[in-house]
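Single-structure report; data block below.
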Amino acid sequence: MAELKYKLIPKGAAEGRVPVSMIFVDKKDITSIGLSYRQACEIIAKSYNGPASIDIIDMDAVTVSSDGIMLDFAVVAIASCDYGLINKDVGFMEISEMPYSQKLLDEEPHMKQWDLLHPGKRLYRGPNRNDKFPRNALDETETITGRIANNNTGSEVLDVVNMEEILIMAPGIFQIMKNEGEVLIGIAGPEVSVGIGMIVFETDGRIFNRAYGAGQTGHNSGIYAKTVKSDYPAITAVKKDFASYVIDALDIGLVPGKDLGCSPAILAIAKAMGYTIDYDNISERAWIELDSIGITRQYLETPNKILTREELLKKADDIVPGMSDGKKFAVASIVKECVIEL
Amino acid sequence: MRFMHTRLPDFLRKMSEAGKTNGKNIDVSITGLEQFKTAKLASASCGMIEEDISNLTKLDSVEKIEIKVMPQLPLALYTVIVNGLDKNGDIERTYLETEYISEPGPEYYYHNSKEVIDHRVKFNNPNN
């Protein structure tokens, strides 16, 4: 008898910090039993019979965080389930593979990471126009069934009835899928709120399509950016794990503000390790948002002791800003492994 | 095209009158149109909804009819018009913004229904 396995982070997990249930499925656990992604979501929806997001993850592919850091996993389909159902029009969305092309590399400097750090890996970011149908090209990359919206290609889960929400930063999903180590769960706070707006230019990105470039702000909301998501719970990797990916990107010569987004986390790591930051390419609107959380150009240009990779990773909790009231939880303590007998 | 689209007040009246068919006098409440002061609604759809209501009045157990109107895609894109007015009510400056509103999927409103009959236009989604 075939089995469909999935990981559940139930509402109330992590000492009540998780407000909405989230389901994660390894692509291999679906393809190995001959199901389509949609079929798997419908089976899980029927079995779980409650409100939850569903993300299908390819652990052999790569994706990109909103600020331009490549991570070695990818979200390949998202869904929302409720009442045992997947809404047939907008409850499910598959993400198409992004083909390798010189045009892509020429237009998107942060994608040098693909060639130099993840050669040959399949890339998935956000949905393309066909994936989004029947949504319009400008609509959010979102699925909705019943009470649950799964937005920005799996990075925000919303209960649109009780209006609770949780952010799942891409490195957090990766850690959950590896089913090892720890994740950091807390309140996003002003630094993360500003940081998630500091995006890079991408065709069919996880959140935007060819909208803004490194050094610019997708939030574009002045001093209000720090409040945009600041009081929402968030899950991410512990800071040393995410910092390791940032350092890899900086090591190959990518410059924050020019090639990478100017998020507080990336700027803090670059400053601590003495990497170049393209201050002049950071837009005035982005500086307003950074200044509002105390990250001024003057502060960034102030000389500091240059740390090695090992030193930074050791001090990552102090150096990388973001997450108020963050607490580390063992992945095994918040994830419930579930099996459906088919 | 006067006869192709129904005026909003006529739509509201017709729905109410359809509750008074088949010897019944059932209250028909409508939500989801409160923000519309003026609008035209497709007449063919109007007639289909009237027939739905009339059919519901034939069911002995039905004592109330509730209509909820919502975008068929519950993740609609909205234009937000921000007007600053002077003391005379003239508009000094306008900002136009986009807002995305995610609302509950339609299942939220009928998930415990004993029978669902779906007459909506189909998207024919090639991804399904």
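Naming works like this for the structure tokens: A, B, ... for the chains as they're shown, residue 1 at the start of each chain, ligands 1 onward in shown order.
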- Per DSSP on the backbone, filter range 96-323 of chain A down to the residues in alpha helix (DSSP H) and report them as an MDAnalysis selection string. chainID A and resid 102:107 112:117 129:132 170:178 189:195 239:251 264:273 284:291 297:301 309:314 316:319
- Contacts of Ile49 in chain B at 12 Å (only C-alpha atoms; same-chain gap of 5+ positions) as a ChimeraX atom specification: /B:11-12,14-19,28,30,41-44,54-56,65-69,117-120
- Determine which residues of chain B sit within 6 Å of chain A, taking into account only C-alpha atoms, and present them as a PyMOL selection string. chain B and resi 103-105+107-108
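Considering only C-alpha atoms, the residue among A:Met169, A:Ile199, A:Glu108, A:Ile334 positioned nearest to Gly16 in chain A is A:Ile334.
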- Message: Between B:Leu77, B:Met4, B:Leu59, B:Met70, which residue has the minimum interatomic distance to Thr98 in chain B, considering only C-alpha atoms?
- Response: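 Of all the options, B:Leu77 lies closest to Thr98 in chain B.
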- Task: May I ask which of the residues B:Ala39, B:Ile91, B:Gly32, B:Asp27 is the closest one to Arg7 in chain B, counting only C-alpha atoms?
- Result: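 For Arg7 in chain B, the nearest of the given residues is B:Ala39.
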- For Ser283 in chain A: contacts at 8 Å, only C-alpha atoms, fewer than 6 positions along chain excluded, given as a PyMOL selection string: chain A and resi 215-217
Take the residues just selected and output them with C-alpha atoms as a PDB file, in the first residue's frame.
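Listing of again.pdb after writing:
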ATOM      1  CA  GLY A 215      19.336  49.170  -3.873  1.00  0.00           C
ATOM      2  CA  GLN A 216      15.633  49.951  -4.210  1.00  0.00           C
ATOM      3  CA  THR A 217      12.726  49.249  -1.920  1.00  0.00           C
TER       4      THR A 217
END
- Query: Excluding same-chain residues fewer than 6 positions from Val228 in chain A, what lies within 12 Å of it counting only C-alpha atoms, as a list in words?
  - Reply: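 Counting only C-alpha atoms, the residues come to Ala188, Gly189, Pro190, Glu191, Val192, Ser193, Val194, Gly195, Ile196, Gly197, Gly218, His219, Asn220, Ser221, Gly222 and Glu289 of chain A.
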- Give the strand (DSSP E or B) residues of chain B, as assigned by DSSP on the backbone, as an MDAnalysis selection string. chainID B and resid 5:7 27:31 40:42 64:68 75:85 91:102
- Query: Could you state the separation of CA of Arg17 in chain A and CA of Asp317 in chain A in Å, given to one decimal place?
  - Reply: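 If I compute the distance from CA of Arg17 in chain A to CA of Asp317 in chain A, I get 19.9 Å.
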- Can you list, as number ranges by chain, every protein, DNA or RNA residue that comes within 12 Å of Asn179 in chain A when you count only C-alpha atoms, leaving out same-chain residues fewer than 3 positions away? A: 6-9, 24-26, 59, 172-176, 182-183, 237, 329-337
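Counting only C-alpha atoms and comparing A:Lys229, A:Arg285, A:Lys27, A:Lys103, the residue that lies closest to Leu167 in chain A is A:Lys229.
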